[in-house]
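So this one's final32.txt, compact mmCIF, C-alpha atoms and all ligand atoms:
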# COMPACT_ATOMS: atom_id res chain seq x y z
CA MET B 1 -17.70 5.84 -4.20
CA ALA B 2 -14.19 6.80 -5.27
CA PRO B 3 -13.25 7.85 -8.82
CA VAL B 4 -11.27 5.28 -10.80
CA ILE B 5 -7.87 5.36 -12.49
CA LYS B 6 -7.35 3.42 -15.75
CA LEU B 7 -4.30 1.18 -15.32
CA ASN B 8 -1.95 0.31 -18.19
CA SER B 9 -3.35 -3.25 -17.91
CA GLY B 10 -6.74 -1.92 -19.05
CA TYR B 11 -8.44 -2.38 -15.67
CA ASP B 12 -9.99 0.42 -13.60
CA MET B 13 -8.63 0.89 -10.08
CA PRO B 14 -10.45 2.95 -7.40
CA GLN B 15 -8.40 6.03 -6.56
CA VAL B 16 -9.20 5.77 -2.86
CA GLY B 17 -8.87 2.43 -1.13
CA PHE B 18 -8.50 1.00 2.34
CA GLY B 19 -5.16 0.01 3.87
CA LEU B 20 -4.98 -3.19 5.92
CA TRP B 21 -1.58 -2.96 7.60
CA LYS B 22 -1.87 -3.12 11.41
CA VAL B 23 -5.58 -3.87 11.31
CA ASP B 24 -5.82 -6.21 14.27
CA ASN B 25 -6.82 -9.80 13.49
CA ALA B 26 -9.58 -9.69 16.11
CA ILE B 27 -11.40 -6.88 14.29
CA ALA B 28 -10.20 -7.23 10.68
CA ALA B 29 -13.31 -9.04 9.39
CA ASP B 30 -15.61 -6.40 10.87
CA VAL B 31 -13.39 -3.54 9.70
CA VAL B 32 -13.41 -4.82 6.10
CA TYR B 33 -17.15 -5.48 6.20
CA ASN B 34 -17.83 -1.99 7.60
CA ALA B 35 -15.47 -0.40 5.08
CA ILE B 36 -17.39 -2.08 2.25
CA LYS B 37 -20.62 -0.76 3.74
CA ALA B 38 -19.01 2.70 3.94
CA GLY B 39 -18.31 2.53 0.20
CA TYR B 40 -14.71 1.28 -0.04
CA ARG B 41 -14.10 -1.08 -2.94
CA LEU B 42 -10.30 -1.37 -2.95
CA PHE B 43 -8.55 -3.25 -0.14
CA ASP B 44 -4.78 -3.18 0.15
CA GLY B 45 -3.60 -6.38 1.81
CA ALA B 46 -0.37 -8.36 2.05
CA CYS B 47 0.96 -11.67 3.31
CA ASP B 48 3.07 -9.68 5.75
CA TYR B 49 0.03 -8.08 7.41
CA GLY B 50 -0.95 -11.51 8.75
CA ASN B 51 -4.68 -10.82 8.49
CA GLU B 52 -5.70 -12.05 5.04
CA VAL B 53 -7.93 -14.85 6.39
CA GLU B 54 -9.87 -12.40 8.55
CA CYS B 55 -10.08 -9.77 5.79
CA GLY B 56 -11.46 -12.46 3.49
CA LYS B 57 -14.18 -13.21 6.05
CA GLY B 58 -15.27 -9.56 5.93
CA VAL B 59 -15.45 -9.76 2.14
CA ALA B 60 -17.38 -13.05 2.26
CA ARG B 61 -19.94 -11.57 4.66
CA ALA B 62 -20.50 -8.51 2.47
CA ILE B 63 -20.90 -10.71 -0.61
CA SER B 64 -23.24 -13.17 1.15
CA GLU B 65 -25.44 -10.28 2.30
CA GLY B 66 -25.65 -8.98 -1.29
CA ILE B 67 -23.90 -5.68 -0.50
CA VAL B 68 -21.33 -6.25 -3.24
CA LYS B 69 -20.33 -8.85 -5.78
CA ARG B 70 -16.74 -10.06 -6.11
CA GLU B 71 -16.37 -8.12 -9.36
CA ASP B 72 -17.28 -4.87 -7.59
CA LEU B 73 -14.21 -5.21 -5.38
CA PHE B 74 -10.55 -4.52 -6.17
CA ILE B 75 -8.44 -6.76 -3.95
CA VAL B 76 -4.72 -6.06 -3.75
CA SER B 77 -2.13 -8.31 -2.17
CA LYS B 78 1.65 -8.53 -2.10
CA LEU B 79 4.45 -11.05 -2.49
CA TRP B 80 6.61 -11.26 0.62
CA ASN B 81 10.41 -11.21 0.32
CA THR B 82 10.85 -14.89 1.22
CA PHE B 83 8.82 -15.99 -1.83
CA HIS B 84 10.88 -14.29 -4.57
CA ASP B 85 12.40 -17.50 -5.96
CA GLY B 86 10.55 -18.10 -9.24
CA GLU B 87 9.08 -21.47 -8.28
CA ARG B 88 7.73 -20.10 -4.96
CA VAL B 89 5.55 -17.38 -6.47
CA GLN B 90 2.53 -19.28 -7.81
CA PRO B 91 2.17 -21.59 -4.76
CA ILE B 92 2.17 -18.70 -2.30
CA VAL B 93 -0.27 -16.69 -4.40
CA LYS B 94 -2.61 -19.70 -4.41
CA LYS B 95 -2.36 -19.87 -0.62
CA GLN B 96 -3.04 -16.13 -0.30
CA LEU B 97 -6.04 -16.41 -2.64
CA ALA B 98 -7.37 -19.30 -0.52
CA ASP B 99 -6.88 -17.18 2.62
CA TRP B 100 -8.93 -14.38 1.07
CA GLY B 101 -11.50 -16.87 -0.29
CA VAL B 102 -11.26 -15.48 -3.83
CA ASP B 103 -9.89 -16.93 -7.05
CA TYR B 104 -7.98 -13.93 -8.43
CA PHE B 105 -6.33 -10.77 -7.16
CA ASP B 106 -7.11 -7.56 -8.98
CA LEU B 107 -3.54 -6.44 -8.35
CA TYR B 108 -0.55 -8.29 -6.95
CA LEU B 109 2.65 -6.43 -6.04
CA ILE B 110 6.24 -7.31 -5.21
CA HIS B 111 6.22 -5.89 -1.67
CA PHE B 112 9.93 -5.00 -1.44
CA PRO B 113 12.79 -5.33 -3.95
CA VAL B 114 14.72 -7.72 -1.75
CA ALA B 115 14.85 -11.52 -1.99
CA LEU B 116 15.19 -13.47 1.25
CA GLU B 117 15.60 -17.18 1.84
CA TYR B 118 12.42 -19.22 1.62
CA VAL B 119 10.53 -19.99 4.83
CA ASP B 120 7.94 -22.75 4.54
CA PRO B 121 4.48 -21.43 5.53
CA SER B 122 4.02 -24.48 7.77
CA VAL B 123 7.08 -23.36 9.75
CA ARG B 124 6.16 -19.68 10.11
CA TYR B 125 3.55 -17.51 8.45
CA PRO B 126 3.81 -14.67 7.84
CA PRO B 127 7.59 -15.16 7.73
CA GLY B 128 8.73 -11.61 8.55
CA TRP B 129 12.18 -10.25 7.82
CA HIS B 130 14.30 -12.65 9.88
CA TYR B 131 15.13 -16.23 9.04
CA GLU B 132 15.69 -17.11 12.68
CA GLY B 133 16.43 -14.89 15.67
CA ASP B 134 18.01 -11.75 14.23
CA GLU B 135 19.49 -13.49 11.18
CA ILE B 136 18.67 -12.06 7.75
CA ARG B 137 19.36 -14.54 4.94
CA PRO B 138 19.28 -13.39 1.32
CA SER B 139 18.14 -15.66 -1.48
CA LYS B 140 19.79 -15.71 -4.91
CA ALA B 141 16.66 -14.71 -6.85
CA THR B 142 17.00 -11.66 -9.08
CA ILE B 143 14.16 -9.24 -9.62
CA GLN B 144 14.05 -10.46 -13.24
CA GLU B 145 13.38 -14.01 -12.04
CA THR B 146 10.67 -12.78 -9.68
CA TRP B 147 9.06 -10.50 -12.26
CA THR B 148 8.92 -13.32 -14.82
CA ALA B 149 7.05 -15.41 -12.21
CA MET B 150 4.77 -12.44 -11.52
CA GLU B 151 3.94 -12.29 -15.25
CA SER B 152 2.97 -15.97 -15.12
CA LEU B 153 0.27 -15.03 -12.57
CA VAL B 154 -1.49 -12.94 -15.19
CA ASP B 155 -1.22 -15.72 -17.77
CA ALA B 156 -2.66 -18.19 -15.20
CA GLY B 157 -5.57 -15.88 -14.30
CA LEU B 158 -4.41 -15.57 -10.67
CA ALA B 159 -3.82 -11.80 -10.90
CA ARG B 160 -5.37 -9.33 -13.32
CA SER B 161 -2.67 -6.68 -12.90
CA ILE B 162 0.79 -6.86 -11.39
CA GLY B 163 2.97 -4.16 -9.92
CA ILE B 164 5.81 -3.20 -7.63
CA SER B 165 6.26 -1.52 -4.28
CA ASN B 166 9.19 0.26 -2.61
CA PHE B 167 11.17 0.22 -5.87
CA GLN B 168 13.34 3.19 -6.78
CA SER B 169 14.21 4.56 -10.20
CA GLN B 170 17.29 2.53 -11.10
CA LEU B 171 15.58 -0.80 -10.60
CA ILE B 172 12.44 0.33 -12.42
CA TYR B 173 14.48 1.34 -15.48
CA ASP B 174 16.12 -2.06 -15.40
CA LEU B 175 12.83 -3.96 -14.98
CA LEU B 176 11.28 -2.10 -17.91
CA ARG B 177 14.05 -3.48 -20.18
CA TYR B 178 12.87 -7.07 -19.82
CA ALA B 179 9.25 -6.81 -18.68
CA LYS B 180 6.79 -8.44 -21.07
CA ILE B 181 4.03 -7.08 -18.82
CA ARG B 182 4.82 -3.62 -17.51
CA PRO B 183 4.06 -2.89 -13.85
CA ALA B 184 0.56 -1.40 -13.61
CA THR B 185 1.27 0.36 -10.32
CA LEU B 186 4.11 1.46 -8.09
CA GLN B 187 3.20 1.67 -4.39
CA ILE B 188 5.45 3.97 -2.36
CA GLU B 189 5.64 5.92 0.86
CA HIS B 190 4.40 9.40 -0.01
CA HIS B 191 3.40 12.27 2.26
CA PRO B 192 4.31 15.95 2.58
CA TYR B 193 7.58 15.08 4.35
CA LEU B 194 8.51 12.70 1.45
CA THR B 195 7.10 13.99 -1.83
CA GLN B 196 9.10 11.68 -4.15
CA GLU B 197 9.19 14.17 -7.05
CA GLU B 198 11.57 12.32 -9.39
CA LEU B 199 9.94 8.94 -8.87
CA LEU B 200 6.52 10.44 -9.66
CA LYS B 201 7.86 11.97 -12.88
CA LEU B 202 9.42 8.67 -13.94
CA ALA B 203 6.19 6.75 -13.22
CA LYS B 204 4.11 9.27 -15.14
CA ARG B 205 6.39 9.13 -18.14
CA GLU B 206 6.33 5.33 -18.14
CA GLY B 207 2.54 5.06 -17.69
CA ILE B 208 2.75 3.49 -14.23
CA THR B 209 0.08 4.53 -11.71
CA VAL B 210 1.45 5.48 -8.29
CA THR B 211 -0.29 4.54 -5.06
CA ALA B 212 0.71 6.50 -1.97
CA TYR B 213 1.05 4.74 1.34
CA SER B 214 1.34 6.28 4.81
CA SER B 215 -0.31 9.47 3.54
CA PHE B 216 -0.42 10.93 7.05
CA GLY B 217 3.35 10.70 7.42
CA PRO B 218 4.56 10.06 10.98
CA ALA B 219 1.04 9.19 12.27
CA SER B 220 1.37 5.55 11.28
CA PHE B 221 4.79 5.10 12.91
CA LEU B 222 4.20 6.54 16.37
CA GLU B 223 3.16 3.13 17.66
CA PHE B 224 6.69 1.84 16.91
CA ASN B 225 8.08 4.72 18.96
CA MET B 226 10.26 5.74 16.01
CA GLN B 227 12.10 8.74 17.34
CA HIS B 228 12.11 10.78 14.12
CA ALA B 229 8.33 10.22 13.85
CA VAL B 230 7.73 11.19 17.48
CA LYS B 231 9.83 14.37 17.18
CA LEU B 232 8.20 15.63 13.98
CA GLN B 233 5.21 17.93 13.95
CA PRO B 234 2.14 15.72 13.30
CA LEU B 235 0.91 16.82 9.87
CA MET B 236 -2.72 17.05 10.95
CA GLU B 237 -1.71 19.44 13.75
CA ASP B 238 0.51 21.67 11.64
CA ASP B 239 -0.72 25.31 11.55
CA THR B 240 -0.29 25.65 7.78
CA ILE B 241 -2.19 22.42 7.04
CA LYS B 242 -4.85 23.40 9.59
CA ALA B 243 -5.28 26.84 7.96
CA ILE B 244 -5.74 25.23 4.54
CA ALA B 245 -8.26 22.80 6.06
CA THR B 246 -10.21 25.67 7.62
CA LYS B 247 -10.30 27.48 4.27
CA TYR B 248 -12.01 24.51 2.61
CA ASN B 249 -14.04 23.62 5.71
CA ARG B 250 -12.55 20.11 5.67
CA PRO B 251 -10.60 18.05 8.21
CA ALA B 252 -6.82 18.23 7.85
CA SER B 253 -6.80 14.50 7.07
CA GLN B 254 -8.89 15.08 3.93
CA VAL B 255 -6.55 17.89 2.85
CA LEU B 256 -3.56 15.54 3.11
CA LEU B 257 -5.32 12.88 1.06
CA ARG B 258 -6.61 15.40 -1.50
CA TRP B 259 -3.11 16.78 -1.98
CA ALA B 260 -2.08 13.28 -3.09
CA THR B 261 -5.14 12.48 -5.20
CA GLN B 262 -4.89 15.84 -7.02
CA ARG B 263 -1.29 14.99 -7.83
CA GLY B 264 -2.79 11.98 -9.66
CA LEU B 265 -1.96 9.33 -7.06
CA ALA B 266 -4.20 6.68 -5.57
CA VAL B 267 -4.38 6.61 -1.74
CA ILE B 268 -5.06 3.77 0.70
CA PRO B 269 -5.58 5.29 4.18
CA LYS B 270 -6.12 2.89 7.06
CA SER B 271 -8.43 3.56 9.95
CA SER B 272 -10.05 1.17 12.35
CA ARG B 273 -12.60 3.82 13.35
CA GLN B 274 -15.89 3.95 11.48
CA GLU B 275 -16.35 7.73 11.28
CA THR B 276 -12.73 8.21 10.24
CA MET B 277 -12.86 5.66 7.46
CA VAL B 278 -15.97 7.35 6.10
CA SER B 279 -14.28 10.76 6.20
CA ASN B 280 -11.09 9.48 4.50
CA LEU B 281 -13.11 8.14 1.58
CA GLN B 282 -14.63 11.56 0.97
CA ASN B 283 -11.48 13.35 -0.14
CA THR B 284 -12.15 13.71 -3.86
CA ASP B 285 -15.25 15.94 -3.87
CA PHE B 286 -13.38 19.23 -3.42
CA ASP B 287 -10.31 20.77 -5.05
CA LEU B 288 -7.30 22.47 -3.52
CA SER B 289 -5.87 25.45 -5.39
CA GLU B 290 -2.56 24.99 -7.22
CA GLU B 291 -1.06 27.37 -4.68
CA ASP B 292 -2.19 25.25 -1.73
CA ILE B 293 -0.89 22.09 -3.42
CA ALA B 294 2.49 23.79 -3.86
CA THR B 295 2.49 24.94 -0.23
CA ILE B 296 1.94 21.38 0.99
CA SER B 297 4.58 20.01 -1.42
CA GLY B 298 6.94 22.55 0.14
CA PHE B 299 6.94 20.49 3.35
CA ASN B 300 9.25 17.98 1.67
CA ARG B 301 12.23 17.00 3.81
CA GLY B 302 12.99 13.62 2.27
CA ILE B 303 12.03 11.86 5.49
CA ARG B 304 11.28 8.15 5.16
CA PHE B 305 9.73 6.06 7.90
CA ASN B 306 9.04 2.67 6.38
CA GLN B 307 12.44 1.06 5.98
CA PRO B 308 13.85 -2.02 7.71
CA SER B 309 16.61 -0.09 9.45
CA ASN B 310 13.92 1.86 11.33
CA TYR B 311 12.36 -1.31 12.73
CA PHE B 312 15.34 -3.38 13.78
CA PRO B 313 19.12 -3.00 14.00
CA THR B 314 20.61 -4.13 10.73
CA GLU B 315 23.95 -3.93 9.01
CA LEU B 316 22.67 -6.21 6.28
CA LEU B 317 19.72 -4.57 4.64
CA TRP B 318 19.81 -1.03 3.23
CA ILE B 319 16.99 -1.15 0.71
CA PHE B 320 16.75 2.60 0.17
CA GLY B 321 20.48 3.31 0.19
N1 LIG A 401 3.88 -1.28 0.43
C1 LIG A 401 4.32 -1.04 1.63
O1 LIG A 401 5.47 -1.32 2.00
C2 LIG A 401 3.39 -0.38 2.62
C3 LIG A 401 3.92 0.21 3.78
C4 LIG A 401 3.06 0.87 4.65
C5 LIG A 401 1.70 0.91 4.36
N2 LIG A 401 1.21 0.30 3.24
C6 LIG A 401 -0.25 0.30 2.94
O2 LIG A 401 -0.74 1.62 3.05
C7 LIG A 401 -1.79 1.67 4.00
C8 LIG A 401 -1.84 3.04 4.65
O3 LIG A 401 -0.63 3.35 5.28
P1 LIG A 401 -0.47 3.35 6.88
O4 LIG A 401 -1.39 2.33 7.46
O5 LIG A 401 0.97 3.27 7.15
O6 LIG A 401 -0.82 4.78 7.30
P2 LIG A 401 -1.93 5.90 7.17
O7 LIG A 401 -3.12 5.44 6.46
O8 LIG A 401 -1.19 7.09 6.68
O9 LIG A 401 -2.25 6.20 8.69
C9 LIG A 401 -2.81 5.34 9.56
C10 LIG A 401 -2.80 5.99 10.94
O10 LIG A 401 -3.48 7.25 10.91
C11 LIG A 401 -4.66 7.17 11.72
N3 LIG A 401 -5.72 7.83 10.94
C12 LIG A 401 -6.28 7.38 9.80
N4 LIG A 401 -7.18 8.27 9.34
C13 LIG A 401 -7.19 9.31 10.20
C14 LIG A 401 -7.92 10.52 10.28
N5 LIG A 401 -8.81 10.85 9.33
N6 LIG A 401 -7.69 11.35 11.33
C15 LIG A 401 -6.79 11.02 12.28
N7 LIG A 401 -6.05 9.88 12.28
C16 LIG A 401 -6.27 9.03 11.25
C17 LIG A 401 -4.89 5.70 11.98
O11 LIG A 401 -5.42 5.48 13.26
P3 LIG A 401 -6.84 4.75 13.51
O12 LIG A 401 -6.79 3.40 12.89
O13 LIG A 401 -6.92 4.70 14.98
O14 LIG A 401 -7.87 5.63 12.87
C18 LIG A 401 -3.47 5.15 11.93
O15 LIG A 401 -2.82 5.36 13.15
C19 LIG A 401 -1.45 0.50 4.93
O16 LIG A 401 -2.53 0.13 5.74
C20 LIG A 401 -1.04 -0.54 3.93
O17 LIG A 401 -2.16 -1.12 3.31
C21 LIG A 401 2.04 -0.32 2.37

Please re-express this file's structure in structure tokens.
Amino acid sequence: MAPVIKLNSGYDMPQVGFGLWKVDNAIAADVVYNAIKAGYRLFDGACDYGNEVECGKGVARAISEGIVKREDLFIVSKLWNTFHDGERVQPIVKKQLADWGVDYFDLYLIHFPVALEYVDPSVRYPPGWHYEGDEIRPSKATIQETWTAMESLVDAGLARSIGISNFQSQLIYDLLRYAKIRPATLQIEHHPYLTQEELLKLAKREGITVTAYSSFGPASFLEFNMQHAVKLQPLMEDDTIKAIATKYNRPASQVLLRWATQRGLAVIPKSSRQETMVSNLQNTDFDLSEEDIATISGFNRGIRFNQPSNYFPTELLWIFG
């Protein structure tokens, strides 16, 4: 079982969880069920992943077989961009909770700091980035409006903790001016090619726990044939990372995850393979030396993979500009 991190909301969050992006619908229920059996307690889902119904079935099976109780699990989900308008937040959270078959989320995040025009779930779900064809339509909602609606989720018992994802410093400073409930977590892309030093310092100072996503760097983006991912040295095959792994008699994947967890972050690796998911969970029972942590941090090149402009041609959406 993973160690826990105490969030500023007072709740404990497992430091190692399981990522659900790109887990195929046909296998998602089994993957979640097997991950629970392997010892995972945190599941990182989202409307946008399009598999919340199936993930919920995996949870229901594990609960019905007595492997876990609901309160043993830490279920995370995210608000998609098309539901930022204040009055859209509670209804979509209720739908997402129904999809999962649970009555509260342990943590609910704003997925991206960008508000897009509402798409009715009966028309298209998940809605994706485009309104129709290749058209991207902004909505008028501000982050303040959306955050106020997020706070109402806690008051209504629909989410225990709330947080943000893909936010950068300027917007976080702004949000902290008006937040009645501070974000418990900030979920960001973080790997040796993108070490996010300043953002980590800001989050630490403000008492916000950081969750790293895409901990293996380019590995997750090869399937999109992203050229800068394809051209980069895969981190798990890098000689320096491999030498560190050999020194600790651990797979390179565990070294990459341990580098993040020793920096105080939570991690949410995704794997559809049973032996790999078991291995990823076991990254907190050894320690890297400070020198090895610094060596891995030295890989930083400020390379980001997960941004809209890497998935589709856009002149309209530069979230990380
Ligand atoms: N907030 C956001 O905007 C955002 C964005 C991206 C991701 N996330 C969250 O973060 C989670 C993790 O990120 P991610 O899915 O991008 O990437 P990841 O966990 O860094 O990597 C997943 C890829 O690495 C492979 N892999 C996993 N463990 C491995 C191991 N031990 N050895 C070799 N290969 C391994 C997986 O393949 P196999 O499945 O074949 O093992 C998959 O191709 C997501 O699932 C999602 O929950 C959030």

Within 7 Å of ligand LIG 401 (chain A), which residues of chain B come that close, and what is the closest atom pair and distance in Å for each? Count only C-alpha atoms and all ligand atoms and give it as a tab-separated table.
residue	atom	partner	partner_atom	distance
B:Phe18	CA	A:LIG401	O17	6.8
B:Gly19	CA	A:LIG401	O16	3.2
B:Leu20	CA	A:LIG401	O16	4.1
B:Trp21	CA	A:LIG401	O16	3.7
B:Lys22	CA	A:LIG401	O16	6.6
B:Asp44	CA	A:LIG401	O17	4.6
B:Gly45	CA	A:LIG401	O17	5.7
B:His111	CA	A:LIG401	N1	5.6
B:Phe112	CA	A:LIG401	O1	6.7
B:Ser165	CA	A:LIG401	N1	5.3
B:Asn166	CA	A:LIG401	O1	6.1
B:Gln187	CA	A:LIG401	N1	5.7
B:Ile188	CA	A:LIG401	N1	6.1
B:Glu189	CA	A:LIG401	C3	6.6
B:Tyr213	CA	A:LIG401	O2	4.0
B:Ser214	CA	A:LIG401	O8	3.2
B:Ser215	CA	A:LIG401	O8	4.0
B:Phe216	CA	A:LIG401	O8	3.9
B:Gly217	CA	A:LIG401	O8	5.8
B:Ala219	CA	A:LIG401	O10	5.1
B:Ser220	CA	A:LIG401	C10	4.2
B:Ser253	CA	A:LIG401	N5	4.7
B:Gln254	CA	A:LIG401	N5	6.9
B:Ile268	CA	A:LIG401	C7	5.1
B:Pro269	CA	A:LIG401	O7	3.4
B:Lys270	CA	A:LIG401	O7	4.0
B:Ser271	CA	A:LIG401	O12	3.4
B:Ser272	CA	A:LIG401	O12	4.0
B:Arg273	CA	A:LIG401	O14	5.1
B:Thr276	CA	A:LIG401	N5	4.8
B:Met277	CA	A:LIG401	N4	6.5
B:Ser279	CA	A:LIG401	N5	6.3
B:Asn280	CA	A:LIG401	N5	5.5
B:Asn306	CA	A:LIG401	C3	6.2

(request) Could you tell me how far CA of Glu197 in chain B lies from CA of Phe320 in chain B, in Å and to one decimal? (result)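 CA of Phe320 in chain B lies 15.6 Å from CA of Glu197 in chain B.
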
(message) Just the number, please: distance in Å from CA of Leu194 in chain B to CA of Phe299 in chain B, one decimal.
(response)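 One can read the CA of Leu194 in chain B to CA of Phe299 in chain B distance as 8.2 Å.
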
(request) Please measure the separation of CA of Arg88 in chain B and CA of Arg41 in chain B, giving the value in Å to one decimal. (result) 29.0 Å

(request) Rank B:Asp106, B:Ala60, B:Ala46, B:Phe221 by their smallest atom-to-atom distance to Arg160 in chain B, using all atoms listed in the file, and report the top residue only. (result)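 Selected residue with least distance to Arg160 in chain B: B:Asp106.
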
(request) Excluding Cys55 in chain B and any residue of its chain fewer than 4 positions from it, enumerate the residues within 6 Å of it, using only C-alpha atoms, and give them as number ranges by chain. (result) B: 28-29, 32

If I wrap all listed atoms of range 27-43 of chain B in a box with edges along x, y and z and add 5 Å on each side, what are its centre and edge lengths in Å to one decimal, as lines of an AutoDock Vina configuration file?
center_x = -14.6
center_y = -3.2
center_z = 5.7
size_x = 22.1
size_y = 21.7
size_z = 27.2

(request) Quick one: everything within 12 Å of range 311-315 of chain B, counting all atoms listed in the file, minus sequence neighbours fewer than 2 positions away in the same chain. Send it as a ChimeraX atom specification. (result) /B:128-130,133-137,221-227,305-309,317-319,321

Residues proximal to (10.5, -11.6, -1.8) were defined as those with any atom within 12 Å of that point in the file's coordinates, counting only C-alpha atoms. Which are they, as a PDB file with C-alpha atoms, in the coordinates of the input?
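Below is the file that was written, part_11.pdb:
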ATOM      1  CA  ALA B  46      -0.370  -8.360   2.050  1.00  0.00           C
ATOM      2  CA  CYS B  47       0.960 -11.670   3.310  1.00  0.00           C
ATOM      3  CA  ASP B  48       3.070  -9.680   5.750  1.00  0.00           C
ATOM      4  CA  LYS B  78       1.650  -8.530  -2.100  1.00  0.00           C
ATOM      5  CA  LEU B  79       4.450 -11.050  -2.490  1.00  0.00           C
ATOM      6  CA  TRP B  80       6.610 -11.260   0.620  1.00  0.00           C
ATOM      7  CA  ASN B  81      10.410 -11.210   0.320  1.00  0.00           C
ATOM      8  CA  THR B  82      10.850 -14.890   1.220  1.00  0.00           C
ATOM      9  CA  PHE B  83       8.820 -15.990  -1.830  1.00  0.00           C
ATOM     10  CA  HIS B  84      10.880 -14.290  -4.570  1.00  0.00           C
ATOM     11  CA  ASP B  85      12.400 -17.500  -5.960  1.00  0.00           C
ATOM     12  CA  GLY B  86      10.550 -18.100  -9.240  1.00  0.00           C
ATOM     13  CA  GLU B  87       9.080 -21.470  -8.280  1.00  0.00           C
ATOM     14  CA  ARG B  88       7.730 -20.100  -4.960  1.00  0.00           C
ATOM     15  CA  VAL B  89       5.550 -17.380  -6.470  1.00  0.00           C
ATOM     16  CA  ILE B  92       2.170 -18.700  -2.300  1.00  0.00           C
ATOM     17  CA  LEU B 109       2.650  -6.430  -6.040  1.00  0.00           C
ATOM     18  CA  ILE B 110       6.240  -7.310  -5.210  1.00  0.00           C
ATOM     19  CA  HIS B 111       6.220  -5.890  -1.670  1.00  0.00           C
ATOM     20  CA  PHE B 112       9.930  -5.000  -1.440  1.00  0.00           C
ATOM     21  CA  PRO B 113      12.790  -5.330  -3.950  1.00  0.00           C
ATOM     22  CA  VAL B 114      14.720  -7.720  -1.750  1.00  0.00           C
ATOM     23  CA  ALA B 115      14.850 -11.520  -1.990  1.00  0.00           C
ATOM     24  CA  LEU B 116      15.190 -13.470   1.250  1.00  0.00           C
ATOM     25  CA  GLU B 117      15.600 -17.180   1.840  1.00  0.00           C
ATOM     26  CA  TYR B 118      12.420 -19.220   1.620  1.00  0.00           C
ATOM     27  CA  VAL B 119      10.530 -19.990   4.830  1.00  0.00           C
ATOM     28  CA  PRO B 127       7.590 -15.160   7.730  1.00  0.00           C
ATOM     29  CA  GLY B 128       8.730 -11.610   8.550  1.00  0.00           C
ATOM     30  CA  TRP B 129      12.180 -10.250   7.820  1.00  0.00           C
ATOM     31  CA  ARG B 137      19.360 -14.540   4.940  1.00  0.00           C
ATOM     32  CA  PRO B 138      19.280 -13.390   1.320  1.00  0.00           C
ATOM     33  CA  SER B 139      18.140 -15.660  -1.480  1.00  0.00           C
ATOM     34  CA  LYS B 140      19.790 -15.710  -4.910  1.00  0.00           C
ATOM     35  CA  ALA B 141      16.660 -14.710  -6.850  1.00  0.00           C
ATOM     36  CA  THR B 142      17.000 -11.660  -9.080  1.00  0.00           C
ATOM     37  CA  ILE B 143      14.160  -9.240  -9.620  1.00  0.00           C
ATOM     38  CA  GLU B 145      13.380 -14.010 -12.040  1.00  0.00           C
ATOM     39  CA  THR B 146      10.670 -12.780  -9.680  1.00  0.00           C
ATOM     40  CA  TRP B 147       9.060 -10.500 -12.260  1.00  0.00           C
ATOM     41  CA  ALA B 149       7.050 -15.410 -12.210  1.00  0.00           C
ATOM     42  CA  MET B 150       4.770 -12.440 -11.520  1.00  0.00           C
ATOM     43  CA  ILE B 164       5.810  -3.200  -7.630  1.00  0.00           C
ATOM     44  CA  SER B 165       6.260  -1.520  -4.280  1.00  0.00           C
ATOM     45  CA  ASN B 166       9.190   0.260  -2.610  1.00  0.00           C
TER      46      ASN B 166
END

(request) Find, counting all atoms listed in the file, the residue in B:Ile241, B:Ala98, B:Ala179, B:Ala62 that gets nearest to Asn34 in chain B. (result)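 Once distances to Asn34 in chain B are computed over all atoms listed in the file, the minimum belongs to B:Ala62.
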
(request) Would you list the residues near (-5.1, 0.6, -14.4), meaning any protein, DNA or RNA residue with an atom at most 12 Å from that point in file coordinates, counting only C-alpha atoms, as number ranges by chain? (result) B: 4-15, 74, 106-107, 160-163, 182-186, 207-211, 265-266

(request) Point out the residue among B:Phe286, B:Tyr33, B:Tyr108, B:Tyr193 with the least atom-to-atom distance to Leu235 in chain B, counting only C-alpha atoms. (result) B:Tyr193

(request) Using only C-alpha atoms, pick whichever of B:Leu281, B:Ile296, B:Ile172, B:Ala203 has the shortest atom-to-atom distance to Asp239 in chain B. (result)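 Using only C-alpha atoms, Asp239 in chain B sits closest to B:Ile296.
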
(message) Here is a test: counting only C-alpha atoms, which residue of B:Gln144, B:Ser77, B:Asn51, B:Ser152 is nearest to Gln90 in chain B?
(response)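 Counting only C-alpha atoms, the residue closest to Gln90 in chain B is B:Ser152.
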
(message) For a quick check of understanding, using only C-alpha atoms, which of B:His190, B:Lys69, B:Lys247, B:Lys201 has the smallest distance to Thr261 in chain B?
(response) B:His190
